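Peer 1: Sharing a structure with you now.
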Amino acid sequence: MKKNSKVKSAVTNPIKALLAALRGGSVFTRLSFVIMGFGQIARGQICKGIAYMATQALFILYMIFFGGGYIRQLFSGDLGTRLSGEKWNEALQMFEKIKGDNSFLILLYGVVSVVLFLLFTWIWILNIKGNYDNDCKIAKGEKVFTLRQDLRALINERFYVLLLALPLLGLLIFTVMPLVFMVLIAFTNYDYAHMPPGKLFDWVGFRNFKTMFSLSQGSSGFAFVFLRVLLWTFIWAFFATFTNYFLGIIIALLIQKKGIKLKALWRTLFVVAIAVPQFVTLLLMQKILDSDGILNKMLGTNILWLTDQRYLSLLPRTMIILVNIWLGVPYTLLMCSGIFMNIPTDYYEAARIDGANPVTIFFAITLPYMLHVTAPYLITQFVGNINNFNVIWLLTGGGPVDNLHYGGGSQAQSTDLLVTWLYRLTTDQNPKYNVASVIGIVIFVISAVLSLITYNRTSAARSEEAFQ
Amino acid sequence: MKRGMTRIWHKISDVFVYLLLATLGILWVLPIFYLVYTAFRVTPSTGIINTVFPSGLRLGFGNFTRLFRETMFARWLGNTLIVSASSCALTTLFILMVSYAFSRLRFKLRKPLMNVLLVLGMFPGFMSMIAVYFILKAMGLTNSLFALVLVYSGGAALSYYICKGFFDTVPKAMEEAAVLDGATQPMIFINIILPMAKPIIVYTVLTSFISPWCDFIFVNTIISERDKYTVSLGLYKMINAEKNSFNDNFTTFCAGAFVVGAIIVSLFMSMQKYYVEGVTSGAVKG
């Protein structure tokens with residue numbers, strides 16, 4: 001309830017403020033609804049006013065010559081109507097090239113323009129608010145801020161604006177806009193049969209979601225494929241996370257054990273693996289485990305470590321998890337060494353006085369403590385593994401292909417995670433961007449739910465200012 | 001009598017632990033050893049060998065000379081250095097700015113913004129890769145290292161979480177004292193908070209410096225000209241580009257991997273202390 005009202009007030013507050021400014025504002029304020037920066041210039045805030053005016057001018061020019069058209073097309077209900085191609089011109093007796101619409105560009109530039117429009121609206125509101133504030137100040141007999149005072153505010157009470165502006169701009173361009181774009185793709189039929197500029201694609205509503213989650217036979221329903229990939233994604237994430245975690249703890253404990261010498265050497269042996277970039281070691285592992293690889297040559301066997309598709313590709317799946325242990329345990333080891341140092345030693349002493357043996361100590365003290373401290377880490381790892389593209393893609397490429405179990409056209413393979421499936425759908429010879437987008441949204445929902453659980457847990461467990 | 005028994009018991013368990021550690025240690029080192037071994041193997045010169053110690057085995061630096069003379073590895077190395085140095089500077093700056101604002105400053109949109117960033121960070125990066133490519137294309141930036149820097153550091157604000165956790169633990173009293181002395185916010189940020197945040201800064205610098213060395217998917221999408229490759233894409237293409245490229249280039253690939261590994265190792269060695277501190281202070285307690 002409380003959250004709801006907060007959201008509501010976030011929307012209604014600016015509108016209320018605008019209405020107040022319109023009703024109670026001076027002539028300058030009212031004029032600044034139409035001509036941005038007018039009031040500021042009239043009151044001596046020349047730089048600010050000119051900046052506002054320039055923004056408005058640029059925005060209007062942009063909308064007239066570029067953005068406006070795209071926004072109109074974006075909201076016209078279809079993503080372009082004219083196909084590009086060639087047309088016979090009777091008068092000139094030759095083929096003329098026609099530049100048709102490009103659905104992709106309409107969508108992309110449409111999104112960009114809408115984002116710019118929202119940004120501009122926000123600046124517009126700021127402009128009016130600034131004017132209204134000036135009104136109030138003058139009414140109280142105070143002076144309006146000079147440029148210098150404004151700048152000083154920027155490094156004091158409004159320092160956060162200075163700090164956040166650039167990072168958030170980067171986020172807007174390289175994360176938010178692409179994301180909105182890709183989410184919209186999920187509601188179109190953008191695939192290899194509808195590739196601009198030769199063809200157009202169009203809105204299809206929830207049809208892709210229906211395809212993904214329906215069970216009909218043949219190539220139209222992917223529900224079975226989807227469930228299989230989803231199930232394997234979770235199985236993989238579970239094993240990848242917990243094997244790394246527990247083996248890491250155990251090895252860390254072995255190294256930490258009293259009486260074991262050369263602790264640094266042992267630790268280095270494991271940590272060396274981190275030095276080489278992950279994709280290199282993965283490629284190397286793939287070559288080692290190849291059917292012609294050195295492992296088979298050394299064992300004198302002919303085992304298809306990564307491509308055997310019997311028993312639901314059990315062998316490749318196991319190998320992936322084993323290789324992942326090799327990759328991930330060193331990181332857990334590093335982390336554990338740090339945490340073990342922090343476990344209060346009096347716990348151990350008390351246990352020892354009570355005559356507990358090492359195994360009991362591990363299960364009664366070390367493990368609970370570790371689980372308590374690293375619970376957030378575990379969940380982040382789990383989410384990270386759900387999205388662990390590199391390990392799967394570089395080892396098996398998602399394969400082996402066993403079409404027996406898959407609906408035609410889904411292009412999913414037996415060790416595919418949702419992410420690798422998504423990637424294949426976008427980079428394949430016959431891409432299906434629309435289906436890929438649906439998968440992306442599903443991945444997002446899964447990760448979001450898990451991460452929000454973590455976030456709430458951790459923020460409930462400790463207050464932000466507990467240590468200040 | 002009993003004490004003697006426990007001592008023997010300890011000895012036995014120690015031996016057992018040593019054996020276990022040695023076995024596991026060998027398992028962990030073997031692939032790396034294989035990599036180094038292949039990097040220095042001159043003859044037989046190509047592909048995977050049939051036996052561990054083939055006849056006519058010769059070791060030397062031949063693969064490295066080949067790497068630097070016949071491939072564009074030196075160029076790629078330079079590209080990667082440029083990209084990772086600049087994206088590391090930008091990323092670190094962005095992360096520090098954002099986490100400082102979220103941790104120490106109080107403003108109206110703080111909580112909502114933090115939540116929005118948290119949610120945004122959960123979208124898989126792949127999903128928007130194509131769109132990013134076309135936005136860059138519209139800006140005329142594809143096939144440039146600058147685009148890579150933008151892409152790597154553009155999303156930096158999303159990973160504010162660890163660093164903010166660290167800033168949260170810095171006592172507020174010092175800051176208040178500084179405010180009484182008339183310090184401005186930027187002065188507090190630069191003179192008080194940043195020096196105390198050394199471990200987390202080193203951690204951020206290291207992780208952001210290394211990520212361009214390991215990413216090949218984004219590079220693969222954005223860069224198509226050979227002389228603009230980073231090492232990771234160069235190495236990836238070296239053994240995955242054509243059908244026979246693996247057999248022909250495997251030893252050279254290993255040599256390249258060795259060089260990259262050596263660079264990363266030396267970085268970590270010099271900063272190891274801070275790295276571990278950073279990981280444990282921010283990530284775990286965080």
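Simple scheme: letters A, B, ... for chains in structure tokens order, numbers from 1 for residues in each chain, numbers from 1 for ligands in the order shown.
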Using only C-alpha atoms, find the residues of chain A whose closest atom to chain B is at most 6 Å away, then write them as a compact mmCIF listing (two decimals) with N, CA and C atoms, in the first residue's frame.
Peer 2:
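Writing done, so here's selection.txt:
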# COMPACT_ATOMS: atom_id res chain seq x y z
N ASN A 156 27.63 21.35 -3.67
CA ASN A 156 27.25 21.10 -2.28
C ASN A 156 25.97 20.29 -2.17
N TYR A 160 25.08 15.35 -5.90
CA TYR A 160 24.69 14.06 -6.49
C TYR A 160 24.38 14.18 -7.98
N LEU A 163 27.55 13.94 -9.77
CA LEU A 163 28.12 12.59 -9.73
C LEU A 163 27.36 11.62 -10.63
N LEU A 164 26.05 11.77 -10.66
CA LEU A 164 25.25 10.74 -11.32
C LEU A 164 25.02 11.00 -12.80
N PRO A 167 27.34 8.81 -15.51
CA PRO A 167 27.08 7.36 -15.46
C PRO A 167 25.67 7.00 -15.90
N GLY A 170 25.30 7.22 -19.67
CA GLY A 170 25.87 6.03 -20.30
C GLY A 170 24.91 4.86 -20.21
N LEU A 171 24.29 4.75 -19.05
CA LEU A 171 23.33 3.67 -18.82
C LEU A 171 22.15 3.80 -19.75
N PHE A 174 23.43 2.90 -23.44
CA PHE A 174 23.93 1.56 -23.74
C PHE A 174 23.20 0.44 -23.01
N PRO A 178 18.69 0.09 -25.59
CA PRO A 178 18.73 -1.23 -26.24
C PRO A 178 17.75 -2.21 -25.62
N LEU A 179 17.59 -2.09 -24.30
CA LEU A 179 16.72 -3.02 -23.60
C LEU A 179 15.27 -2.83 -23.99
N MET A 182 14.80 -4.23 -27.35
CA MET A 182 14.73 -5.68 -27.45
C MET A 182 13.45 -6.24 -26.83
N LEU A 269 48.91 -23.32 -6.11
CA LEU A 269 48.63 -24.39 -7.07
C LEU A 269 47.22 -24.26 -7.63
N PHE A 270 46.28 -23.95 -6.72
CA PHE A 270 44.89 -23.86 -7.17
C PHE A 270 44.60 -22.53 -7.86
N ALA A 275 44.71 -17.25 -13.42
CA ALA A 275 45.55 -16.32 -14.17
C ALA A 275 45.19 -16.27 -15.65
N VAL A 276 44.92 -17.42 -16.22
CA VAL A 276 44.62 -17.45 -17.64
C VAL A 276 43.15 -17.07 -17.82
N PRO A 277 42.86 -16.18 -18.77
CA PRO A 277 41.47 -15.79 -18.98
C PRO A 277 40.59 -17.01 -19.18
N LYS A 297 43.83 -39.66 -26.19
CA LYS A 297 45.10 -40.23 -26.65
C LYS A 297 45.85 -40.84 -25.49
N THR A 374 27.73 -15.95 3.62
CA THR A 374 27.82 -15.96 2.16
C THR A 374 26.50 -16.23 1.45
N GLY A 440 14.82 -13.81 -23.47
CA GLY A 440 15.48 -12.78 -22.66
C GLY A 440 14.58 -12.29 -21.54
N PHE A 444 15.15 -12.65 -17.57
CA PHE A 444 15.09 -11.48 -16.70
C PHE A 444 14.18 -11.74 -15.50
N SER A 447 15.94 -14.11 -13.03
CA SER A 447 17.03 -13.46 -12.30
C SER A 447 16.49 -12.39 -11.36
N ALA A 448 15.48 -11.68 -11.82
CA ALA A 448 14.96 -10.59 -11.01
C ALA A 448 14.38 -11.11 -9.71
N PHE A 467 27.27 0.62 10.16
CA PHE A 467 28.68 0.68 10.50
C PHE A 467 29.22 2.11 10.57
N GLN A 468 28.33 3.08 10.31
CA GLN A 468 28.87 4.42 10.22
C GLN A 468 29.13 5.01 11.58
Peer 1: Give me, as a CSV table (one decimal) with N, CA and C atoms, in the first residue's frame, all polymer residues having an atom no more than 10 Å from Glu225 (chain B), counting only C-alpha atoms and skipping those fewer than 5 positions away in the same chain.
Peer 2:
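Just written: around.csv:
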chain,number,residue,atom,x,y,z
B,142,THR,N,31.0,1.9,-35.2
B,142,THR,CA,31.4,0.5,-35.2
B,142,THR,C,32.8,0.4,-35.8
B,143,ASN,N,33.5,-0.7,-35.5
B,143,ASN,CA,34.9,-0.9,-35.9
B,143,ASN,C,35.8,0.1,-35.3
B,144,SER,N,35.5,0.6,-34.1
B,144,SER,CA,36.5,1.5,-33.5
B,144,SER,C,36.7,1.1,-32.0
B,220,ASN,N,33.3,-9.4,-30.8
B,220,ASN,CA,33.0,-10.1,-32.0
B,220,ASN,C,31.8,-9.4,-32.8
Peer 1: Could you tell me how far CA of Gly110 (chain A) sits from CA of Val34 (chain A), in Å to one decimal place?
Peer 2: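 Separation of CA of Val34 (chain A) and CA of Gly110 (chain A): 24.5 Å.
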Peer 1: I'd like the neighbourhood of Ser32 (chain A) as a PyMOL selection string, where a residue qualifies if any of its atoms comes within 12 Å (using only C-alpha atoms), though same-chain residues fewer than 2 positions away should be ignored.
Peer 2: chain A and resi 18+21-22+25-30+34-42+49+52-53+56+123-132
Peer 1: Could the residues in this selection be saved with N, CA and C atoms as an mmCIF file, in the first residue's frame?
Peer 2:
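Resulting contents of result-v5.cif:
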data_model
loop_
_atom_site.group_PDB
_atom_site.id
_atom_site.type_symbol
_atom_site.label_atom_id
_atom_site.label_comp_id
_atom_site.auth_asym_id
_atom_site.auth_seq_id
_atom_site.Cartn_x
_atom_site.Cartn_y
_atom_site.Cartn_z
ATOM 1 N N LEU A 18 3.139 21.630 -11.737
ATOM 2 C CA LEU A 18 2.945 22.356 -12.989
ATOM 3 C C LEU A 18 1.672 23.196 -12.933
ATOM 4 N N ALA A 21 2.173 26.144 -10.869
ATOM 5 C CA ALA A 21 2.972 27.148 -11.572
ATOM 6 C C ALA A 21 2.127 27.882 -12.598
ATOM 7 N N LEU A 22 1.217 27.145 -13.222
ATOM 8 C CA LEU A 22 0.395 27.757 -14.265
ATOM 9 C C LEU A 22 -0.603 28.738 -13.638
ATOM 10 N N GLY A 25 1.803 31.289 -11.116
ATOM 11 C CA GLY A 25 3.072 31.830 -11.586
ATOM 12 C C GLY A 25 2.932 33.197 -12.221
ATOM 13 N N SER A 26 4.063 33.862 -12.380
ATOM 14 C CA SER A 26 4.071 35.166 -13.018
ATOM 15 C C SER A 26 3.962 34.998 -14.533
ATOM 16 N N VAL A 27 3.969 36.111 -15.245
ATOM 17 C CA VAL A 27 3.926 36.071 -16.701
ATOM 18 C C VAL A 27 5.117 35.292 -17.249
ATOM 19 N N PHE A 28 6.282 35.544 -16.650
ATOM 20 C CA PHE A 28 7.500 34.866 -17.113
ATOM 21 C C PHE A 28 7.342 33.353 -17.010
ATOM 22 N N THR A 29 6.816 32.923 -15.876
ATOM 23 C CA THR A 29 6.651 31.480 -15.662
ATOM 24 C C THR A 29 5.703 30.905 -16.697
ATOM 25 N N ARG A 30 4.593 31.648 -16.924
ATOM 26 C CA ARG A 30 3.630 31.130 -17.901
ATOM 27 C C ARG A 30 4.228 31.113 -19.302
ATOM 28 N N VAL A 34 5.930 27.865 -22.897
ATOM 29 C CA VAL A 34 6.049 27.824 -24.352
ATOM 30 C C VAL A 34 7.483 28.057 -24.809
ATOM 31 N N ILE A 35 8.071 29.116 -24.279
ATOM 32 C CA ILE A 35 9.462 29.393 -24.648
ATOM 33 C C ILE A 35 10.335 29.116 -23.435
ATOM 34 N N MET A 36 11.068 28.023 -23.523
ATOM 35 C CA MET A 36 11.897 27.646 -22.381
ATOM 36 C C MET A 36 13.005 28.654 -22.162
ATOM 37 N N GLY A 37 13.279 28.927 -20.890
ATOM 38 C CA GLY A 37 14.397 29.802 -20.577
ATOM 39 C C GLY A 37 14.072 31.275 -20.659
ATOM 40 N N PHE A 38 12.869 31.635 -21.108
ATOM 41 C CA PHE A 38 12.494 33.033 -21.253
ATOM 42 C C PHE A 38 12.572 33.752 -19.914
ATOM 43 N N GLY A 39 11.918 33.148 -18.911
ATOM 44 C CA GLY A 39 11.893 33.751 -17.596
ATOM 45 C C GLY A 39 13.287 33.918 -17.005
ATOM 46 N N GLN A 40 14.104 32.915 -17.205
ATOM 47 C CA GLN A 40 15.464 32.970 -16.649
ATOM 48 C C GLN A 40 16.238 34.142 -17.232
ATOM 49 N N ILE A 41 16.147 34.314 -18.562
ATOM 50 C CA ILE A 41 16.881 35.407 -19.196
ATOM 51 C C ILE A 41 16.347 36.750 -18.712
ATOM 52 N N ALA A 42 15.010 36.824 -18.613
ATOM 53 C CA ALA A 42 14.409 38.083 -18.179
ATOM 54 C C ALA A 42 14.847 38.453 -16.768
ATOM 55 N N GLY A 49 19.290 30.445 -19.026
ATOM 56 C CA GLY A 49 18.217 30.681 -19.978
ATOM 57 C C GLY A 49 18.615 30.289 -21.381
ATOM 58 N N TYR A 52 18.631 26.562 -21.791
ATOM 59 C CA TYR A 52 17.278 26.043 -21.958
ATOM 60 C C TYR A 52 16.771 26.287 -23.372
ATOM 61 N N MET A 53 16.964 27.522 -23.851
ATOM 62 C CA MET A 53 16.471 27.869 -25.179
ATOM 63 C C MET A 53 17.125 27.003 -26.254
ATOM 64 N N GLN A 56 15.695 23.601 -26.313
ATOM 65 C CA GLN A 56 14.385 23.559 -26.954
ATOM 66 C C GLN A 56 14.533 23.631 -28.473
ATOM 67 N N ILE A 123 13.312 18.030 -18.747
ATOM 68 C CA ILE A 123 14.015 19.319 -18.737
ATOM 69 C C ILE A 123 13.005 20.471 -18.756
ATOM 70 N N TRP A 124 11.954 20.270 -19.519
ATOM 71 C CA TRP A 124 10.907 21.283 -19.620
ATOM 72 C C TRP A 124 10.293 21.553 -18.254
ATOM 73 N N ILE A 125 10.020 20.459 -17.514
ATOM 74 C CA ILE A 125 9.456 20.614 -16.176
ATOM 75 C C ILE A 125 10.433 21.340 -15.259
ATOM 76 N N LEU A 126 11.718 20.957 -15.384
ATOM 77 C CA LEU A 126 12.741 21.620 -14.566
ATOM 78 C C LEU A 126 12.731 23.121 -14.819
ATOM 79 N N ASN A 127 12.594 23.472 -16.091
ATOM 80 C CA ASN A 127 12.609 24.871 -16.504
ATOM 81 C C ASN A 127 11.465 25.632 -15.860
ATOM 82 N N ILE A 128 10.272 25.011 -15.897
ATOM 83 C CA ILE A 128 9.107 25.687 -15.304
ATOM 84 C C ILE A 128 9.257 25.795 -13.794
ATOM 85 N N LYS A 129 9.702 24.698 -13.198
ATOM 86 C CA LYS A 129 9.910 24.697 -11.752
ATOM 87 C C LYS A 129 10.883 25.789 -11.336
ATOM 88 N N GLY A 130 11.966 25.885 -12.111
ATOM 89 C CA GLY A 130 12.976 26.903 -11.815
ATOM 90 C C GLY A 130 12.357 28.281 -11.840
ATOM 91 N N ASN A 131 11.519 28.546 -12.834
ATOM 92 C CA ASN A 131 10.862 29.828 -12.945
ATOM 93 C C ASN A 131 9.945 30.095 -11.767
ATOM 94 N N TYR A 132 9.194 29.026 -11.402
ATOM 95 C CA TYR A 132 8.240 29.193 -10.317
ATOM 96 C C TYR A 132 8.967 29.446 -9.000
#
Peer 1: Kindly indicate which residue among A:Leu312, A:Leu118, A:Leu58, A:Val272 lies nearest to Asp402 (chain A), using only C-alpha atoms for the distances.
Peer 2: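 Among A:Leu312, A:Leu118, A:Leu58, A:Val272, it is A:Leu312 that comes nearest to Asp402 (chain A).
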Peer 1: I need the alpha helix (DSSP H) residues of region 38-276 of chain B per DSSP on the backbone, written as a VMD selection string.
Peer 2: chain B and resid 38 to 39 62 to 70 73 to 104 110 to 120 129 to 138 145 to 154 161 to 168 172 to 180 185 to 187 194 to 196 198 to 214 217 to 222 231 to 240 245 to 276
Peer 1: Mind writing the picked residues with C-alpha atoms as a short mmCIF file (atom, residue, chain, number, x, y, z; two decimals), in the first residue's frame?
Peer 2:
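Output below, filename selection_24.cif:
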data_model
loop_
_atom_site.label_atom_id
_atom_site.label_comp_id
_atom_site.auth_asym_id
_atom_site.auth_seq_id
_atom_site.Cartn_x
_atom_site.Cartn_y
_atom_site.Cartn_z
CA THR B 38 52.38 -26.48 -25.79
CA ALA B 39 53.37 -22.84 -25.91
CA GLY B 62 59.62 -20.53 -31.79
CA ASN B 63 55.91 -20.10 -31.16
CA PHE B 64 56.45 -16.71 -29.62
CA THR B 65 58.49 -15.40 -32.56
CA ARG B 66 55.79 -16.74 -34.86
CA LEU B 67 53.13 -15.12 -32.72
CA PHE B 68 54.70 -11.68 -32.97
CA ARG B 69 56.00 -11.91 -36.54
CA GLU B 70 53.28 -13.74 -38.45
CA PHE B 73 49.31 -10.22 -31.94
CA ALA B 74 51.45 -7.21 -31.02
CA ARG B 75 48.85 -4.93 -32.55
CA TRP B 76 46.03 -6.72 -30.69
CA LEU B 77 47.97 -6.45 -27.48
CA GLY B 78 48.27 -2.71 -28.00
CA ASN B 79 44.56 -2.41 -28.79
CA THR B 80 43.63 -4.33 -25.67
CA LEU B 81 45.89 -2.17 -23.54
CA ILE B 82 44.32 1.01 -24.91
CA VAL B 83 40.80 -0.29 -24.48
CA SER B 84 41.27 -1.79 -21.04
CA ALA B 85 43.20 1.19 -19.68
CA SER B 86 40.61 3.71 -20.80
CA SER B 87 37.56 1.63 -19.97
CA CYS B 88 39.09 0.81 -16.61
CA ALA B 89 39.61 4.51 -15.86
CA LEU B 90 36.07 5.40 -16.91
CA THR B 91 34.45 2.41 -15.21
CA THR B 92 36.24 2.98 -11.94
CA LEU B 93 35.37 6.66 -12.00
CA PHE B 94 31.71 5.93 -12.75
CA ILE B 95 31.41 3.25 -10.11
CA LEU B 96 33.04 5.42 -7.47
CA MET B 97 30.83 8.39 -8.34
CA VAL B 98 27.62 6.41 -8.33
CA SER B 99 28.33 4.44 -5.19
CA TYR B 100 29.46 7.54 -3.35
CA ALA B 101 26.26 9.33 -4.30
CA PHE B 102 24.12 6.38 -3.23
CA SER B 103 26.01 5.70 -0.05
CA ARG B 104 26.84 9.13 1.41
CA ARG B 110 17.94 7.81 -4.23
CA LYS B 111 16.01 4.69 -3.25
CA PRO B 112 13.98 4.43 -6.48
CA LEU B 113 17.12 4.94 -8.56
CA MET B 114 18.99 2.26 -6.66
CA ASN B 115 16.16 -0.17 -7.25
CA VAL B 116 15.92 0.71 -10.93
CA LEU B 117 19.65 0.07 -11.39
CA LEU B 118 19.36 -3.21 -9.51
CA VAL B 119 16.58 -4.38 -11.81
CA LEU B 120 18.33 -3.15 -14.96
CA MET B 129 23.75 -6.66 -27.97
CA ILE B 130 22.28 -6.30 -31.42
CA ALA B 131 20.54 -3.09 -30.47
CA VAL B 132 23.79 -1.75 -29.03
CA TYR B 133 25.48 -2.60 -32.30
CA PHE B 134 22.94 -0.61 -34.29
CA ILE B 135 23.05 2.35 -31.94
CA LEU B 136 26.82 2.40 -32.37
CA LYS B 137 26.37 2.09 -36.11
CA ALA B 138 24.00 5.03 -36.12
CA LEU B 145 38.20 0.91 -30.18
CA PHE B 146 36.38 3.92 -28.79
CA ALA B 147 33.08 2.07 -29.23
CA LEU B 148 34.46 -0.81 -27.16
CA VAL B 149 35.43 1.59 -24.38
CA LEU B 150 31.94 3.08 -24.43
CA VAL B 151 30.27 -0.32 -24.30
CA TYR B 152 32.48 -1.63 -21.50
CA SER B 153 32.07 1.44 -19.33
CA GLY B 154 28.55 2.46 -20.34
CA TYR B 161 26.61 -2.53 -5.27
CA ILE B 162 29.89 -3.87 -3.92
CA CYS B 163 31.54 -0.49 -3.79
CA LYS B 164 28.55 1.11 -2.08
CA GLY B 165 28.67 -1.63 0.52
CA PHE B 166 32.20 -0.56 1.26
CA PHE B 167 31.41 3.16 1.45
CA ASP B 168 28.57 2.36 3.84
CA LYS B 172 30.27 9.30 9.20
CA ALA B 173 31.96 11.20 12.01
CA MET B 174 34.97 12.16 9.90
CA GLU B 175 32.78 13.60 7.26
CA GLU B 176 30.83 15.65 9.75
CA ALA B 177 34.03 17.05 11.19
CA ALA B 178 35.13 18.07 7.71
CA VAL B 179 31.81 19.78 7.03
CA LEU B 180 32.26 21.81 10.21
CA GLN B 185 31.29 17.77 -0.91
CA PRO B 186 33.89 17.19 -3.63
CA MET B 187 36.64 17.86 -1.09
CA LEU B 194 38.74 8.01 -1.54
CA PRO B 195 41.95 7.46 0.47
CA MET B 196 40.07 5.19 2.84
CA LYS B 198 41.88 2.04 -1.40
CA PRO B 199 41.16 -1.71 -1.33
CA ILE B 200 37.86 -1.33 -3.07
CA ILE B 201 39.37 1.01 -5.66
CA VAL B 202 42.12 -1.46 -6.43
CA TYR B 203 39.53 -4.20 -6.65
CA THR B 204 37.41 -2.17 -9.07
CA VAL B 205 40.41 -1.15 -11.14
CA LEU B 206 41.61 -4.74 -11.40
CA THR B 207 38.29 -6.27 -12.34
CA SER B 208 37.47 -3.58 -14.87
CA PHE B 209 40.96 -3.69 -16.34
CA ILE B 210 40.80 -7.42 -16.84
CA SER B 211 37.31 -7.75 -18.29
CA PRO B 212 38.29 -6.53 -21.81
CA TRP B 213 41.02 -9.19 -21.83
CA CYS B 214 38.42 -11.87 -21.33
CA ILE B 217 31.43 -11.75 -27.57
CA PHE B 218 30.94 -8.01 -27.62
CA VAL B 219 34.15 -7.49 -29.57
CA ASN B 220 32.98 -10.10 -32.02
CA THR B 221 29.78 -8.16 -32.64
CA ILE B 222 31.24 -4.69 -32.81
CA VAL B 231 43.73 -10.19 -27.90
CA SER B 232 40.76 -12.24 -26.82
CA LEU B 233 39.02 -12.05 -30.18
CA GLY B 234 42.33 -12.53 -31.98
CA LEU B 235 43.08 -15.68 -30.01
CA TYR B 236 39.53 -16.95 -30.39
CA LYS B 237 39.60 -16.45 -34.15
CA MET B 238 43.05 -17.99 -34.31
CA ILE B 239 41.71 -21.45 -33.56
CA ASN B 240 38.07 -21.08 -34.49
CA SER B 245 42.93 -23.20 -38.21
CA PHE B 246 42.94 -25.20 -35.01
CA ASN B 247 45.56 -27.67 -36.14
CA ASP B 248 47.68 -25.02 -37.75
CA ASN B 249 47.59 -22.49 -34.95
CA PHE B 250 47.20 -24.41 -31.72
CA THR B 251 50.78 -23.91 -30.55
CA THR B 252 50.71 -20.24 -31.48
CA PHE B 253 47.40 -19.89 -29.66
CA CYS B 254 48.94 -21.37 -26.53
CA ALA B 255 51.86 -18.99 -26.80
CA GLY B 256 49.43 -16.08 -27.02
CA ALA B 257 47.44 -17.38 -24.07
CA PHE B 258 50.69 -17.66 -22.13
CA VAL B 259 51.53 -14.00 -22.80
CA VAL B 260 48.07 -12.84 -21.70
CA GLY B 261 48.21 -15.08 -18.65
CA ALA B 262 51.62 -13.71 -17.70
CA ILE B 263 50.33 -10.14 -17.89
CA ILE B 264 47.32 -10.92 -15.72
CA VAL B 265 49.38 -12.90 -13.21
CA SER B 266 51.86 -10.08 -12.75
CA LEU B 267 48.99 -7.66 -12.24
CA PHE B 268 47.40 -9.86 -9.60
CA MET B 269 50.69 -10.63 -7.88
CA SER B 270 51.37 -6.95 -7.38
CA MET B 271 47.86 -6.22 -6.13
CA GLN B 272 46.87 -9.51 -4.53
CA LYS B 273 46.62 -8.17 -1.01
CA TYR B 274 44.16 -5.45 -1.97
CA TYR B 275 42.20 -7.75 -4.21
CA VAL B 276 41.41 -10.22 -1.47
#
Peer 1: Quick check, in Å to one decimal: how far apart do CA of Pro14 (chain A) and CA of Leu452 (chain A) lie?
Peer 2: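 Value for the CA of Pro14 (chain A)-CA of Leu452 (chain A) distance: 28.9 Å.
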Peer 1: Measuring atom to atom with only C-alpha atoms, identify which of A:Phe340, A:Tyr245, A:Trp203, A:Phe120 is nearest to Ser76 (chain A).
Peer 2: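 With only C-alpha atoms as the atom set, the closest residue is A:Trp203.
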Peer 1: Quick one: of A:Ile386, A:Ala54, A:Leu105, A:Met94, who's nearest to Tyr70 (chain A), counting only C-alpha atoms?
Peer 2: A:Leu105
Peer 1: In Å, with one decimal, what is the gap from CA of Ser103 (chain A) to CA of Met63 (chain A)?
Peer 2: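 CA of Met63 (chain A) lies 18.9 Å from CA of Ser103 (chain A).
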Peer 1: Give the answer as one residue: which of A:Phe75, A:Phe209, A:Phe226, A:Phe389 has the shortest atom-to-atom distance to Ile441 (chain A), using only C-alpha atoms?
Peer 2: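 Closest residue, counting only C-alpha atoms: A:Phe209.
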